[in-house]
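Student: run32.txt is the file, holding compact mmCIF, C-alpha atoms:
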# COMPACT_ATOMS: atom_id res chain seq x y z
CA MET A 275 157.79 160.29 159.99
CA ALA A 276 158.71 162.49 162.94
CA ASN A 277 161.71 164.22 164.43
CA GLU A 278 161.24 162.48 167.74
CA LEU A 279 159.81 159.09 168.62
CA THR A 280 156.80 159.10 170.90
CA GLN A 281 156.94 157.53 174.34
CA GLY A 282 154.70 154.71 173.16
CA VAL A 283 157.07 153.86 170.30
CA LEU A 284 160.07 153.93 172.65
CA GLU A 285 158.34 151.55 175.07
CA ALA A 286 157.43 149.25 172.16
CA ILE A 287 161.08 149.27 171.05
CA THR A 288 162.18 148.31 174.56
CA ILE A 289 159.75 145.37 174.66
CA ILE A 290 160.77 144.20 171.18
CA GLU A 291 164.47 144.30 172.03
CA ARG A 292 164.07 142.36 175.25
CA VAL A 293 161.81 139.69 173.79
CA GLY A 294 164.20 139.16 170.89
CA SER A 295 167.13 139.06 173.28
CA VAL A 296 165.51 136.32 175.36
CA PHE A 297 164.93 134.15 172.28
CA SER A 298 168.49 134.76 171.17
CA LEU A 299 169.93 133.91 174.60
CA LEU A 300 167.98 130.66 174.67
CA GLY A 301 169.30 129.86 171.20
CA CYS A 302 172.88 130.53 172.30
CA LEU A 303 172.47 128.32 175.35
CA PHE A 304 171.10 125.52 173.18
CA VAL A 305 174.10 125.73 170.84
CA ILE A 306 176.65 125.86 173.66
CA LEU A 307 175.12 123.05 175.72
CA THR A 308 174.49 120.63 172.85
CA PHE A 309 177.92 121.22 171.35
CA THR A 310 179.61 120.79 174.74
CA PHE A 311 177.83 117.61 175.83
CA SER A 312 177.02 115.82 172.55
CA LYS A 313 179.68 114.68 170.13
CA ALA A 314 177.00 114.28 167.45
CA PHE A 315 177.13 118.05 166.90
CA HIS A 316 180.89 118.21 166.39
CA LYS A 317 181.18 119.34 162.78
CA PRO A 318 183.46 122.13 161.53
CA ILE A 319 180.57 124.46 160.65
CA ASN A 320 179.08 123.93 164.11
CA ARG A 321 182.39 124.68 165.79
CA LEU A 322 182.37 128.20 164.35
CA VAL A 323 178.75 128.69 165.42
CA PHE A 324 179.79 127.56 168.91
CA TYR A 325 182.50 130.23 169.08
CA ALA A 326 180.17 132.88 167.66
CA SER A 327 177.49 132.04 170.24
CA PHE A 328 179.59 133.50 173.07
CA GLY A 329 179.70 136.82 171.24
CA ASN A 330 175.96 136.59 170.58
CA MET A 331 175.34 136.09 174.29
CA MET A 332 177.39 139.16 175.19
CA THR A 333 175.48 141.16 172.58
CA ASN A 334 172.22 140.06 174.17
CA VAL A 335 173.43 141.17 177.59
CA GLY A 336 173.64 144.63 176.06
CA THR A 337 170.35 144.46 174.14
CA LEU A 338 168.51 143.19 177.23
CA MET A 339 169.51 146.42 178.95
CA SER A 340 167.71 148.21 176.11
CA ARG A 341 167.08 151.90 176.92
CA SER A 342 167.58 151.62 180.67
CA TYR A 343 170.69 153.86 180.72
CA VAL A 344 170.22 156.22 177.75
CA THR A 345 169.54 159.10 180.14
CA GLN A 346 172.51 158.22 182.37
CA ILE A 347 175.37 158.66 179.94
CA ASP A 348 178.13 158.82 182.58
CA SER A 349 176.97 155.69 184.39
CA PHE A 350 178.83 152.40 184.25
CA GLY A 351 175.73 150.74 182.76
CA CYS A 352 175.62 153.05 179.74
CA GLN A 353 179.35 152.77 179.02
CA PHE A 354 179.34 149.00 179.51
CA GLN A 355 176.34 148.61 177.20
CA GLY A 356 178.03 150.74 174.54
CA PHE A 357 181.16 148.59 174.79
CA LEU A 358 179.16 145.34 174.41
CA ILE A 359 177.27 146.60 171.35
CA GLN A 360 180.36 148.01 169.65
CA MET A 361 182.46 144.89 170.20
CA PHE A 362 180.17 141.88 169.89
CA LEU A 363 177.43 142.95 167.47
CA PRO A 364 179.74 143.17 164.41
CA ALA A 365 181.73 140.09 165.52
CA ASP A 366 178.96 137.85 164.16
CA ALA A 367 179.64 139.20 160.66
CA PHE A 368 183.33 138.29 161.06
CA TRP A 369 182.38 134.73 161.98
CA THR A 370 180.29 134.47 158.82
CA LEU A 371 183.36 135.55 156.87
CA ALA A 372 185.34 132.82 158.65
CA MET A 373 182.80 130.25 157.44
CA ALA A 374 183.10 131.57 153.89
CA PHE A 375 186.89 131.47 154.16
CA ASN A 376 186.66 127.82 155.19
CA VAL A 377 184.70 127.16 152.01
CA TYR A 378 187.45 128.91 150.02
CA LEU A 379 190.19 126.88 151.73
CA THR A 380 188.26 123.66 151.15
CA PHE A 381 187.63 124.25 147.45
CA TYR A 382 190.88 125.84 146.34
CA HIS A 383 193.52 124.75 148.84
CA LYS A 384 192.16 121.27 149.62
CA TYR A 385 191.99 121.81 153.40
CA ASP A 386 190.60 118.89 155.36
CA ALA A 387 188.81 119.28 158.69
CA ALA A 388 191.99 118.91 160.75
CA ARG A 389 193.62 121.81 158.92
CA LEU A 390 190.44 123.87 159.22
CA ARG A 391 190.57 123.37 162.98
CA SER A 392 194.10 124.77 163.04
CA MET A 393 192.67 128.04 161.67
CA GLU A 394 190.27 128.52 164.58
CA ILE A 395 192.76 130.29 166.86
CA TYR A 396 193.29 132.92 164.16
CA TYR A 397 189.54 133.28 163.69
CA LEU A 398 189.08 133.84 167.42
CA LEU A 399 191.78 136.50 167.53
CA LEU A 400 190.47 138.34 164.47
CA CYS A 401 186.72 138.06 165.06
CA TYR A 402 186.92 139.31 168.63
CA GLY A 403 190.24 141.18 168.53
CA ILE A 404 189.48 143.61 165.69
CA PRO A 405 186.25 145.06 167.18
CA PHE A 406 187.79 145.12 170.67
CA VAL A 407 190.18 147.95 169.81
CA PRO A 408 187.61 150.68 169.03
CA ALA A 409 185.14 149.30 171.58
CA ILE A 410 187.50 149.79 174.51
CA ALA A 411 188.95 153.05 173.17
CA TYR A 412 185.52 154.72 172.92
CA VAL A 413 184.97 154.28 176.66
CA PHE A 414 187.67 156.88 177.34
CA VAL A 415 186.84 159.38 174.57
CA ARG A 416 185.18 162.64 175.60
CA THR A 417 185.19 166.21 174.23
CA GLU A 418 183.71 169.49 175.40
CA SER A 419 181.54 169.93 172.32
CA ALA A 420 180.33 166.38 171.67
CA GLY A 421 180.55 164.90 175.16
CA ARG A 422 181.20 161.20 175.76
CA MET A 423 181.37 158.92 172.78
CA TYR A 424 178.99 156.34 174.21
CA GLY A 425 175.61 157.93 174.79
CA ASN A 426 171.98 157.93 173.69
CA ALA A 427 171.67 156.10 170.35
CA THR A 428 167.85 155.75 170.52
CA LEU A 429 167.75 151.95 170.70
CA TRP A 430 170.35 151.72 173.47
CA CYS A 431 173.56 153.31 174.70
CA TRP A 432 176.07 153.27 171.90
CA VAL A 433 178.01 155.80 169.78
CA SER A 434 175.98 158.99 170.21
CA ASN A 435 174.71 161.29 167.46
CA GLY A 436 177.57 163.74 167.96
CA TRP A 437 180.01 161.06 166.86
CA ASP A 438 177.93 159.76 163.96
CA ILE A 439 180.86 159.51 161.54
CA PHE A 440 182.47 156.89 163.79
CA ARG A 441 179.36 154.74 163.55
CA ILE A 442 180.07 154.46 159.84
CA ALA A 443 183.86 154.25 160.04
CA THR A 444 184.24 151.65 162.78
CA PHE A 445 180.94 149.77 162.71
CA TYR A 446 178.86 149.73 159.53
CA ALA A 447 181.72 150.15 157.03
CA PRO A 448 183.75 147.18 158.36
CA VAL A 449 180.61 145.04 158.50
CA TRP A 450 179.76 145.78 154.87
CA VAL A 451 183.35 145.22 153.78
CA VAL A 452 183.07 141.79 155.41
CA ILE A 453 179.72 141.18 153.69
CA LEU A 454 181.16 142.10 150.28
CA ILE A 455 184.22 139.87 150.79
CA THR A 456 181.97 137.02 151.85
CA MET A 457 179.76 137.58 148.81
CA PHE A 458 182.82 137.59 146.54
CA ILE A 459 183.99 134.26 147.96
CA TYR A 460 180.61 132.66 147.31
CA LEU A 461 180.43 134.10 143.81
CA ARG A 462 183.96 132.86 143.17
CA THR A 463 183.16 129.35 144.34
CA GLY A 464 179.66 129.37 142.84
CA GLY A 465 180.79 128.09 139.45
CA GLU A 466 182.81 125.32 141.07
CA ILE A 467 179.91 124.37 143.31
CA TYR A 468 177.51 124.23 140.35
CA LYS A 469 179.93 122.16 138.31
CA LYS A 470 180.46 119.59 141.05
CA ARG A 471 176.79 119.50 141.95
CA LYS A 472 175.94 118.76 138.33
CA GLN A 473 178.41 115.88 138.38
CA LEU A 474 176.76 114.53 141.53
CA ARG A 475 173.34 114.60 139.88
CA GLU A 476 174.66 112.85 136.79
CA PHE A 477 176.36 110.29 139.00
CA GLY A 478 173.13 109.67 140.89
CA ALA A 479 171.12 109.35 137.69
CA SER A 480 173.32 106.70 136.13
CA SER A 481 175.71 104.18 137.60
CA SER A 482 177.73 104.42 134.42
CA ALA A 483 178.12 108.19 134.63
CA HIS A 484 181.56 109.73 134.66
CA ASP A 485 183.09 109.57 138.13
CA PRO A 486 182.72 112.92 139.93
CA GLU A 487 186.01 114.60 140.63
CA ALA A 488 186.88 114.91 144.29
CA LEU A 489 186.92 118.40 145.79
CA THR A 490 189.15 117.59 148.71
CA MET A 491 192.34 115.79 149.59
CA ASP A 492 192.99 112.99 152.05
CA ASP A 493 189.44 111.77 151.93
CA PRO A 494 188.89 109.17 154.67
CA TYR A 495 186.87 107.01 152.35
CA SER A 496 189.79 106.76 149.91
CA VAL A 497 191.23 103.30 150.36
CA LYS A 498 194.16 101.23 149.29
CA THR A 499 192.63 98.12 147.78
CA THR A 500 194.11 94.67 147.77
CA GLU A 501 192.75 92.03 145.48
CA VAL A 502 189.70 91.13 147.52
CA THR A 503 186.57 89.38 146.35
CA VAL A 504 183.33 89.37 148.30
CA THR A 505 180.63 86.81 147.70
CA SER A 506 177.29 86.94 149.50
CA GLU A 507 174.36 84.56 149.43
CA SER A 508 171.20 83.79 151.35
CA ALA A 509 171.03 80.42 153.04
CA GLU A 510 167.42 80.10 151.90
CA GLU A 511 168.10 81.03 148.28
CA SER A 512 169.96 79.33 145.51
CA ALA A 513 173.65 79.90 145.00
CA ASN A 514 172.87 82.03 141.95
CA GLY A 515 171.69 85.08 143.96
CA ILE A 516 172.88 88.54 142.95
CA ASP A 517 175.57 90.09 145.15
CA LEU A 518 174.76 93.74 145.88
CA ALA A 519 177.82 94.47 147.98
CA PRO A 520 180.13 95.52 145.10
CA LEU A 521 177.43 97.95 143.97
CA GLY A 522 177.52 99.73 147.30
CA ARG A 523 173.78 99.23 147.94
CA TYR A 524 172.26 98.36 151.25
CA ALA A 525 169.53 95.73 151.34
CA PRO A 526 168.18 94.48 154.72
CA ARG A 527 168.16 90.71 155.04
CA PRO A 528 167.24 88.22 157.77
CA LYS A 529 170.13 87.80 160.17
CA PRO A 530 170.08 84.00 160.61
CA ALA A 531 169.82 83.26 156.89
CA TYR A 532 172.90 85.02 155.61
CA SER A 533 176.52 84.09 155.02
CA VAL A 534 179.52 86.02 153.74
CA THR A 535 182.73 84.64 152.35
CA ILE A 536 185.79 86.86 151.87
CA SER A 537 188.97 85.78 150.17
CA SER A 538 192.13 87.61 149.14
CA ASP A 539 195.53 86.92 147.75
CA ASN A 540 197.10 87.40 151.19
CA ASN A 541 195.28 84.79 153.24
CA GLY A 542 192.55 82.22 153.14
CA ARG A 543 190.52 83.19 156.16
CA MET A 544 187.01 84.44 156.53
CA GLN A 545 185.82 87.28 158.78
CA GLN A 546 182.22 87.56 159.85
CA GLY A 547 180.95 90.10 162.39
CA GLY A 548 184.50 90.88 163.50
CA ILE A 549 185.23 87.18 164.38
CA THR A 550 187.93 85.38 162.39
CA LEU A 551 186.87 81.90 161.30
CA PRO A 552 188.48 79.25 159.10
CA ALA A 553 187.72 79.82 155.46
CA GLN A 554 184.83 77.75 154.16
CA SER A 555 185.30 78.66 150.55
CA ALA A 556 187.67 80.71 148.47
CA VAL A 557 187.01 82.50 145.21
CA PRO A 558 190.15 83.17 143.19
CA PRO A 559 190.57 86.94 142.68
CA THR A 560 190.65 88.26 139.19
CA PRO A 561 192.17 91.55 138.01
CA SER A 562 188.85 92.67 136.52
CA THR A 563 187.02 92.10 139.81
CA ALA A 564 189.64 94.03 141.79
CA ARG A 565 189.55 96.91 139.30
CA ALA A 566 185.75 97.05 139.42
CA GLN A 567 185.73 97.15 143.21
CA ALA A 568 188.47 99.79 143.31
CA LYS A 569 186.56 101.94 140.82
CA SER A 570 183.34 101.55 142.81
CA GLN A 571 185.09 102.53 146.04
CA LYS A 572 186.79 105.52 144.43
CA ARG A 573 183.50 106.66 142.91
CA ARG A 574 181.77 106.48 146.28
CA ALA A 575 184.67 108.30 147.98
CA ASN A 576 184.47 111.14 145.45
CA TYR A 577 180.70 111.25 145.79
CA GLU A 578 180.93 111.50 149.59
CA ALA A 579 183.61 114.21 149.46
CA ASN A 580 181.78 116.32 146.87
CA ASN A 581 178.43 115.96 148.60
CA ALA A 582 179.93 116.99 151.96
CA ALA A 583 181.65 120.05 150.50
CA TRP A 584 178.39 121.04 148.79
CA SER A 585 176.45 120.61 152.03
CA TYR A 586 179.01 122.68 153.95
CA SER A 587 178.65 125.45 151.37
CA LYS A 588 174.86 125.40 151.71
CA CYS A 589 175.16 125.78 155.49
CA ALA A 590 177.55 128.70 155.17
CA LEU A 591 175.22 130.35 152.65
CA LEU A 592 172.38 130.09 155.14
CA PHE A 593 174.44 131.97 157.70
CA PHE A 594 175.27 134.58 155.08
CA THR A 595 171.55 135.01 154.36
CA ALA A 596 170.88 135.52 158.07
CA LEU A 597 173.67 138.11 158.09
CA LEU A 598 171.94 140.09 155.34
CA VAL A 599 168.59 139.89 157.15
CA THR A 600 170.28 141.30 160.26
CA TRP A 601 172.22 144.15 158.71
CA ILE A 602 170.15 145.49 155.82
CA PRO A 603 167.42 147.15 157.96
CA SER A 604 169.86 148.74 160.43
CA SER A 605 172.16 149.91 157.61
CA ALA A 606 169.18 151.41 155.79
CA ASN A 607 168.25 153.21 159.01
CA ARG A 608 171.75 154.64 159.27
CA VAL A 609 171.74 155.82 155.65
CA TYR A 610 168.35 157.43 156.19
CA SER A 611 169.59 159.34 159.23
CA ILE A 612 172.59 160.64 157.27
CA ILE A 613 170.51 161.77 154.29
CA ASN A 614 167.70 163.19 156.42
CA THR A 615 169.49 165.02 159.22
CA ASN A 616 167.67 165.15 162.55
CA LYS A 617 164.87 162.93 161.27
CA VAL A 618 163.90 159.47 162.47
CA SER A 619 162.14 156.68 160.59
CA VAL A 620 159.85 154.86 162.99
CA ALA A 621 159.58 151.84 160.70
CA LEU A 622 163.36 151.48 160.29
CA GLU A 623 163.97 151.95 164.01
CA ILE A 624 161.48 149.21 164.85
CA MET A 625 162.91 146.89 162.18
CA SER A 626 166.40 147.43 163.59
CA ALA A 627 165.13 146.70 167.09
CA ILE A 628 163.65 143.43 165.78
CA VAL A 629 166.58 142.02 163.79
CA LEU A 630 169.72 143.15 165.66
CA PRO A 631 169.11 141.24 168.94
CA LEU A 632 168.18 138.04 167.05
CA GLN A 633 171.62 137.05 165.78
CA GLY A 634 171.91 134.17 168.25
CA PHE A 635 168.42 132.96 167.41
CA TRP A 636 169.12 132.82 163.66
CA ASN A 637 172.36 130.96 164.30
CA MET A 638 170.58 128.45 166.54
CA PHE A 639 167.87 127.91 163.94
CA ILE A 640 170.40 127.14 161.19
CA TYR A 641 172.50 125.09 163.61
CA MET A 642 169.45 122.89 164.29
CA ALA A 643 168.49 122.67 160.62
CA THR A 644 171.95 121.46 159.62
CA SER A 645 172.18 119.00 162.54
CA TRP A 646 168.58 117.80 162.64
CA GLU A 647 169.42 114.12 163.02
CA ALA A 648 171.70 114.90 165.96
CA VAL A 649 168.95 117.05 167.50
CA LYS A 650 166.44 114.20 167.27
CA ILE A 651 168.86 111.72 168.79
CA THR A 652 169.76 114.09 171.63
CA VAL A 653 166.10 114.82 172.43
CA SER A 654 165.35 111.09 172.31
CA ASP A 655 168.20 110.29 174.72
CA ILE A 656 167.23 113.07 177.14
CA THR A 657 163.58 111.98 177.07
CA ALA A 658 164.60 108.38 177.71
CA ARG A 659 166.71 109.41 180.69
CA ILE A 660 163.91 111.49 182.18
CA THR A 661 161.23 108.82 181.70
CA GLY A 662 163.55 105.91 182.52
CA GLN A 663 162.85 104.21 179.20
CA ARG A 664 165.54 102.49 177.21
CA THR A 665 166.34 103.99 173.84
CA GLU A 666 165.56 101.82 170.85
CA PRO A 667 168.81 100.41 169.48
CA SER A 668 169.82 101.62 166.06
CA ARG A 669 169.65 99.12 163.24
CA TYR A 670 173.11 100.41 162.35
CA ALA A 671 174.44 99.71 165.83
CA GLY A 672 177.64 98.30 164.47
CA ASP A 673 178.27 101.26 162.20
CA HIS A 674 180.96 103.59 163.48
CA ASN A 675 179.12 106.47 161.79
CA ASP A 676 175.87 105.89 163.65
CA LYS A 677 175.16 109.21 165.35
CA ARG A 678 173.52 107.54 168.34
CA ASN A 679 176.92 106.17 169.24
CA LEU A 680 178.15 109.77 169.54
CA ALA A 681 175.36 111.23 171.63
CA PHE A 682 176.68 111.34 175.20
CA ARG A 683 179.97 109.50 175.32
CA LEU A 684 183.47 109.96 174.11
CA PRO A 685 184.58 107.84 171.16
CA SER A 686 187.30 105.33 171.92
CA ARG A 687 189.20 105.76 168.66
CA THR A 688 191.79 108.50 168.27
CA SER A 689 192.87 108.02 164.67
CA ARG A 690 192.71 111.04 162.36
CA LYS A 691 190.40 109.10 160.09
CA ASP A 692 187.71 108.27 162.63
CA LEU A 693 184.62 110.32 163.41
CA GLU A 694 186.39 112.54 165.93
CA SER A 695 188.73 113.76 163.21
CA GLU A 696 185.71 115.44 161.60
CA SER A 697 187.04 114.71 158.15
CA ILE A 698 185.94 116.71 155.17
CA THR A 699 183.35 114.12 154.17
CA GLU A 700 181.65 114.58 157.53
CA LEU A 701 181.39 118.38 157.39
CA THR A 702 177.61 118.25 157.46
CA ASN A 703 176.74 114.53 157.64
CA SER A 704 174.04 114.76 160.31
CA GLY A 705 171.51 112.42 158.84
CA ARG A 706 173.42 109.98 156.69
CA THR A 707 174.79 106.70 157.97
CA SER A 708 177.67 105.08 156.26
CA ASN A 709 177.49 101.93 154.23
CA SER A 710 181.02 101.09 155.18
CA ASN A 711 179.96 97.80 156.73
CA HIS A 712 179.24 96.59 153.22
CA ASP A 713 182.58 97.64 151.74
CA VAL A 714 185.91 95.87 152.00
CA LYS A 715 188.68 98.31 152.86
CA ARG A 716 192.25 98.19 153.90
As structure tokens, what does this structure read like?

Tutor:
Amino acid sequence: MANELTQGVLEAITIIERVGSVFSLLGCLFVILTFTFSKAFHKPINRLVFYASFGNMMTNVGTLMSRSYVTQIDSFGCQFQGFLIQMFLPADAFWTLAMAFNVYLTFYHKYDAARLRSMEIYYLLLCYGIPFVPAIAYVFVRTESAGRMYGNATLWCWVSNGWDIFRIATFYAPVWVVILITMFIYLRTGGEIYKKRKQLREFGASSSAHDPEALTMDDPYSVKTTEVTVTSESAEESANGIDLAPLGRYAPRPKPAYSVTISSDNNGRMQQGGITLPAQSAVPPTPSTARAQAKSQKRRANYEANNAAWSYSKCALLFFTALLVTWIPSSANRVYSIINTNKVSVALEIMSAIVLPLQGFWNMFIYMATSWEAVKITVSDITARITGQRTEPSRYAGDHNDKRNLAFRLPSRTSRKDLESESITELTNSGRTSNSNHDVKR
């Protein structure tokens, strides 16, 4: 412990800040480029990370400058760096609150993805508008006794020691208010999450388990069912084979040795592979069969909706964890400086220098973890384009939920219930392909 940091420690802090800033900038660029050019990454949670990444990049512009201007308080560089730190560093905490608020809206107000998107303009205004006010005002504040507000703050140019109370009032206090509100939201929804997750596990353990209640409204997998009966058989097997389609299970079968017959009370035609053919056989629908299929479809719809909401909550919790990792060391450093006037903790200063510039890196890491399937597909497509090799076609090529179909082209459908609508059941579906080809919907 010492009153002043040695020159060696200050140089180490500069190196640490710049290395962390480079990693964070690369992470921000990855998020921005993949989200811009690949539709596979277009999920509501990723949209907020995309918006937050611009603030992270501006923060890293400031942290890359490090201590270059701490001795030139009146220079444009010092004042500009102070503005960047004051405005964009706490904005990341506001974006984490926006993610938590989306969880709240999803669980308690039944918001679907389209309605969540309508909230984004308000998030942008609040997350960047609130910190902008003090950040720009501090540029013009100066007194005879304390000097300019932006000055030497050890790690970089920011609110100087003479204005220490404003560090708490307009920086750390708002951030911790946001953290506490975010924590309250997760604690409030924790019981609901646990309850629904337990239902999902019971549902997975037994096909006769009680149907899980849906968490959201207007689920795209909810269907209006006509009296439709599906019969499936292998051309090489006897006619007594077991039909797995009503059970919602996928079982690969040889393409040439397979036939499907569909009949309903509305017509007597058969559809196979999207081609309408004359009906070869018709099975009279029964009320019990229709009810069983409707129940199976409703159960799967509820399962998909609950699982997506749970996955979205897990992603948001990861961002909240990264928020704590970022702010606990620097807040502890600030508390230490208040309690121990004119003293500096080398360990806390170095820890702050490590974690504060890495916001963009943490966000990129979680962004990749929650979109891993999309990452693999994107890397595969880029590699194929560079090497000139053709990508291996997906065995779900006909599935509209196949992520490879979203990689580098715009979808042709514009309905609210297609993939581009980013419905609530697709909040975090990066690795799951739909079994919708094996369901009969209307």

Student: Go through A:Thr280, A:Arg321, A:Thr333, A:Trp450 and flag the residue nearest Tyr397 (chain A), using all atoms listed in the file for the distances.

Tutor: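 Looking at the shortest contact to Tyr397 (chain A), the residue is A:Arg321.
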
Student: Within 12 Å of (180.9, 123.1, 164.8) (coordinates as in the file), grab all the protein and nucleic acid residues, counting all atoms listed in the file, and write them out as number ranges by chain.

Tutor: A: 305-306, 308-310, 312-327, 373, 387, 390-391, 394, 586, 589-590, 637-638, 640-642, 644-645, 694, 696, 700-704

Student: Work out how far apart CA of Gln346 (chain A) and CA of Ile410 (chain A) are and give it in Å to one decimal.

Tutor: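 Separation between CA of Gln346 (chain A) and CA of Ile410 (chain A): 18.9 Å.
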
Student: Using only C-alpha atoms, find the one residue out of A:Leu630, A:Ala606, A:Val335, A:Ala658 that sits nearest to Leu358 (chain A).

Tutor: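 For Leu358 (chain A), the nearest of the candidates is A:Val335.
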
Student: What does the distance between CA of Ile453 (chain A) and CA of Leu597 (chain A) come to in Å, to one decimal place?

Tutor: 8.1 Å

Student: Choose the residue, out of A:Val451, A:Ile395, A:Leu338, A:Leu598, that has the smallest atom-to-atom separation from Gly294 (chain A); count only C-alpha atoms.

Tutor: A:Leu338

Student: What would the list of residues within 10 Å of (157.5, 147.2, 167.8) (file frame) look like as a list in words, if all atoms listed in the file are what count?

Tutor: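 Within 10 Å of (157.5, 147.2, 167.8), the protein and nucleic acid residues are Gly282, Val283, Leu284, Glu285, Ala286, Ile287, Thr288, Ile289, Ile290, Glu291, Val620, Ala621, Glu623, Ile624, Met625, Ser626, Ala627 and Ile628 of chain A.
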
Student: Quote the spacing between CA of Leu632 (chain A) and CA of Arg422 (chain A) in Å to one decimal place.

Tutor: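 Going from CA of Leu632 (chain A) over to CA of Arg422 (chain A) covers 28.0 Å.
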
Student: Within 12 Å of Val415 (chain A), counting only C-alpha atoms, which residues show up once you throw out same-chain ones fewer than 5 positions away? Write them as JSON, numbers by chain, please.

Tutor: {"A": [348, 353, 408, 409, 410, 420, 421, 422, 423, 424, 425, 433, 434, 437, 440]}

Student: Name the closest residue to Thr600 (chain A) among the candidates A:Arg341, A:Thr444, A:Val449, A:Arg659; distances are taken between atoms, counting all atoms listed in the file.

Tutor: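 Selected residue with least distance to Thr600 (chain A): A:Val449.
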
Student: Between A:Arg441, A:Arg416, A:Lys617, A:Arg608, which has the minimum distance to Leu279 (chain A) (counting all atoms listed in the file)?

Tutor: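 That would be A:Lys617, the residue with the smallest distance to Leu279 (chain A).
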
Student: Pick from A:Leu591, A:Gly634, A:Val618, A:Arg292: nearest to Asn376 (chain A), with only C-alpha atoms counted?

Tutor: A:Leu591
